[in-house]
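Visitor: Contents are compact mmCIF, C-alpha atoms; file name work-v4.txt:
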```txt
# COMPACT_ATOMS: atom_id res chain seq x y z
CA MET S 1 19.22 -13.11 -16.89
CA ARG S 2 20.42 -11.10 -13.95
CA LEU S 3 18.47 -8.28 -12.37
CA THR S 4 20.19 -5.39 -10.64
CA SER S 5 20.12 -5.25 -6.84
CA PHE S 6 18.01 -2.11 -7.27
CA THR S 7 15.26 -4.10 -9.03
CA ASP S 8 15.67 -6.95 -6.55
CA PHE S 9 15.06 -4.56 -3.64
CA ALA S 10 12.06 -3.07 -5.44
CA LEU S 11 10.50 -6.48 -6.03
CA ARG S 12 11.05 -7.47 -2.39
CA ALA S 13 9.40 -4.26 -1.16
CA LEU S 14 6.46 -4.67 -3.53
CA MET S 15 6.00 -8.31 -2.54
CA ARG S 16 5.84 -7.23 1.10
CA LEU S 17 3.37 -4.43 0.38
CA SER S 18 1.23 -6.92 -1.56
CA ALA S 19 0.62 -8.94 1.60
CA GLU S 20 -1.04 -5.90 3.21
CA PRO S 21 -2.13 -3.69 0.30
CA GLU S 22 -4.12 -1.22 2.42
CA ARG S 23 -1.32 -0.59 4.89
CA ILE S 24 1.20 2.28 4.82
CA PHE S 25 4.78 1.12 5.41
CA ALA S 26 7.75 3.14 6.62
CA THR S 27 10.94 2.87 4.60
CA SER S 28 12.88 2.02 7.75
CA GLU S 29 10.50 -0.88 8.51
CA ILE S 30 10.95 -2.53 5.11
CA ALA S 31 14.70 -1.85 5.14
CA ALA S 32 15.07 -3.52 8.54
CA GLU S 33 12.84 -6.46 7.63
CA PHE S 34 14.91 -7.31 4.56
CA GLY S 35 18.32 -6.13 5.70
CA ILE S 36 18.51 -3.42 3.03
CA SER S 37 20.17 -0.01 3.37
CA ARG S 38 17.49 2.57 4.22
CA ASN S 39 19.10 5.15 1.93
CA HIS S 40 19.21 2.73 -0.99
CA LEU S 41 15.60 1.69 -0.37
CA SER S 42 14.57 5.38 -0.36
CA LYS S 43 15.87 5.68 -3.91
CA VAL S 44 13.98 2.51 -4.89
CA VAL S 45 10.79 3.93 -3.35
CA GLY S 46 11.23 7.11 -5.41
CA ASP S 47 11.50 5.16 -8.65
CA LEU S 48 8.54 2.93 -7.76
CA ALA S 49 6.47 6.06 -7.06
CA ASP S 50 7.60 7.60 -10.37
CA GLY S 51 6.51 4.39 -12.10
CA GLY S 52 3.04 4.56 -10.54
CA PHE S 53 3.45 1.35 -8.53
CA ILE S 54 3.32 2.95 -5.09
CA SER S 55 1.94 6.08 -3.45
CA THR S 56 3.98 8.02 -0.92
CA GLN S 57 2.99 10.23 1.99
CA ARG S 58 5.27 12.65 3.82
CA GLY S 59 5.13 13.49 7.48
CA ALA S 60 4.93 11.77 10.83
CA ARG S 61 2.36 9.27 9.56
CA GLY S 62 4.05 9.05 6.20
CA GLY S 63 5.33 6.10 4.28
CA PHE S 64 4.36 4.26 1.15
CA SER S 65 1.73 1.81 -0.02
CA LEU S 66 0.64 0.17 -3.24
CA ALA S 67 -0.94 2.59 -5.70
CA ARG S 68 -2.92 -0.17 -7.39
CA PRO S 69 -4.24 -3.60 -6.39
CA PRO S 70 -1.46 -6.22 -6.41
CA GLN S 71 -3.47 -8.28 -8.93
CA SER S 72 -3.05 -5.49 -11.47
CA ILE S 73 0.74 -5.19 -11.28
CA THR S 74 2.89 -7.76 -13.05
CA LEU S 75 6.51 -8.50 -12.31
CA GLY S 76 7.24 -7.78 -15.97
CA GLN S 77 5.89 -4.23 -15.64
CA VAL S 78 8.13 -3.58 -12.65
CA VAL S 79 11.25 -5.08 -14.23
CA ARG S 80 10.76 -3.13 -17.46
CA ALA S 81 10.23 0.12 -15.55
CA LEU S 82 13.32 -0.31 -13.39
CA GLU S 83 15.72 -2.12 -15.68
CA GLY S 84 14.81 0.16 -18.57
CA SER S 85 16.80 -0.43 -21.66
CA SER S 86 19.80 -2.08 -20.03
CA ALA S 87 21.35 -4.36 -22.59
CA LEU S 88 21.55 -8.09 -21.91
CA VAL S 89 24.84 -8.18 -23.83
CA GLU S 90 26.85 -5.52 -25.59
CA CYS S 91 25.38 -6.11 -29.05
CA PHE S 92 21.89 -5.36 -27.64
CA ARG S 93 22.86 -1.76 -26.91
CA GLU S 94 21.13 0.88 -28.99
CA ASP S 95 24.41 1.75 -30.68
CA GLY S 96 25.12 -1.93 -31.43
CA GLY S 97 28.09 -2.09 -29.11
CA ASP S 98 31.52 -3.12 -30.22
CA CYS S 99 31.19 -6.82 -30.96
CA ALA S 100 33.63 -8.43 -33.38
CA LEU S 101 31.08 -11.15 -34.24
CA THR S 102 28.48 -8.80 -35.71
CA PRO S 103 26.89 -9.32 -38.26
CA ARG S 104 27.59 -13.11 -38.48
CA CYS S 105 26.74 -13.90 -34.87
CA ARG S 106 24.35 -16.79 -34.31
CA LEU S 107 23.97 -16.14 -30.61
CA LYS S 108 22.12 -12.81 -30.62
CA ALA S 109 18.79 -14.21 -31.86
CA ARG S 110 18.85 -16.98 -29.26
CA LEU S 111 19.62 -14.56 -26.46
CA ALA S 112 16.82 -12.28 -27.64
CA ALA S 113 14.41 -15.24 -27.60
CA ALA S 114 15.55 -16.21 -24.09
CA ARG S 115 15.07 -12.64 -22.87
CA GLU S 116 11.55 -12.56 -24.34
CA ALA S 117 10.69 -15.90 -22.68
CA PHE S 118 11.96 -14.53 -19.36
CA MET S 119 9.86 -11.39 -19.68
CA ARG S 120 6.80 -13.38 -20.83
CA GLU S 121 7.02 -15.40 -17.62
CA LEU S 122 7.27 -12.23 -15.53
CA ASP S 123 4.37 -10.67 -17.46
CA GLY S 124 2.22 -13.65 -16.47
CA THR S 125 2.94 -13.26 -12.74
CA THR S 126 1.27 -10.64 -10.54
CA LEU S 127 2.44 -9.22 -7.25
CA ALA S 128 -0.59 -10.83 -5.62
CA GLU S 129 0.85 -14.24 -6.53
CA CYS S 130 4.15 -13.32 -4.87
CA ALA S 131 2.85 -11.56 -1.75
CA TYR S 132 5.27 -11.93 1.14
CA PRO S 133 3.70 -11.75 4.61
CA ALA S 134 5.58 -10.39 7.60
CA ARG S 135 7.53 -12.86 9.66
CA PRO S 136 5.68 -13.75 12.86
CA ARG S 137 7.08 -11.81 15.79
CA ARG S 138 8.59 -13.84 18.57
CA LYS S 139 6.90 -13.55 21.92
CA PRO S 140 9.23 -12.52 24.73
CA ALA S 141 10.09 -15.23 27.21
CA ALA S 142 7.94 -15.11 30.31
```
Would you encode the structure as structure tokens?

Guide:
Amino acid sequence: MRLTSFTDFALRALMRLSAEPERIFATSEIAAEFGISRNHLSKVVGDLADGGFISTQRGARGGFSLARPPQSITLGQVVRALEGSSALVECFREDGGDCALTPRCRLKARLAAAREAFMRELDGTTLAECAYPARPRRKPAA
């Protein structure tokens, strides 16, 4: 399985928020901490807010924070919300794709089982278990 960079960025941001669930973070802070484009992260934040995972605040003291406790959000919920119905392989598309092996393919069922095992693992893991604390800041030399 391969997740999009969009989902990867979202998981990183949520893992960081999980370490300090009461705190409000600025997009620029998270972007700098993880070396992510601020503009790209802004789009991720919008989708996470639409999914009910984070709350956002505008203004000088604005930013974003977790909308729910990190123990109540699973990685599976986040991946499903952001990856949507993206097909693992062409034959998984809603229209069935254009695979020459259909309907005699013996691979599709195994790939479907692997995808379900992957998602089951993510469903059993909460953000609280993956919380990522801030890196300690270096003290300036005296």

Visitor: Counting only C-alpha atoms, which residues sit no farther than 10 Å from the position (6.0, 3.1, -4.8) in the file's frame? I'd like them as a list in words.

Guide: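 Those residues lying close to the given coordinates are Ala10, Ala13, Leu14, Leu17, Ser42, Val44, Val45, Gly46, Asp47, Leu48, Ala49, Asp50, Gly51, Gly52, Phe53, Ile54, Ser55, Thr56, Gly63, Phe64, Ser65, Leu66, Ala67 and Arg68 of chain S.
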
Visitor: To one decimal place in Å, what is the distance between atom CA of Leu11 of chain S and atom CA of Arg115 of chain S?

Guide: 18.5 Å

Visitor: From the list S:Ala113, S:Pro103, S:Lys43, S:Leu3, which residue is nearest Gly84 of chain S when using all atoms listed in the file?

Guide: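 Closest to Gly84 of chain S of all the choices is S:Leu3.
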
Visitor: Which residue out of S:Arg12, S:Arg120, S:Arg80, S:Arg106 has the minimum interatomic distance to Leu41 of chain S when only C-alpha atoms are used?

Guide: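 Checking each candidate against Leu41 of chain S, we get S:Arg12 as the closest.
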
Visitor: Mind checking which residues fall within 8 Å of Tyr132 of chain S, counting only C-alpha atoms, ignoring those fewer than 5 positions away in the same chain, and posting them as a ChimeraX atom specification?

Guide: /S:15-19

Visitor: For a cut-off of 10 Å around (3.8, -11.5, -8.8), file coordinates, pick out all residues using only C-alpha atoms and list them as a list in words.

Guide: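 Those within range, by chain then number, are Leu11, Leu14, Met15, Ser18, Pro70, Gln71, Ser72, Ile73, Thr74, Leu75, Gly76, Val78, Leu122, Asp123, Gly124, Thr125, Thr126, Leu127, Ala128, Glu129, Cys130 and Ala131 of chain S.
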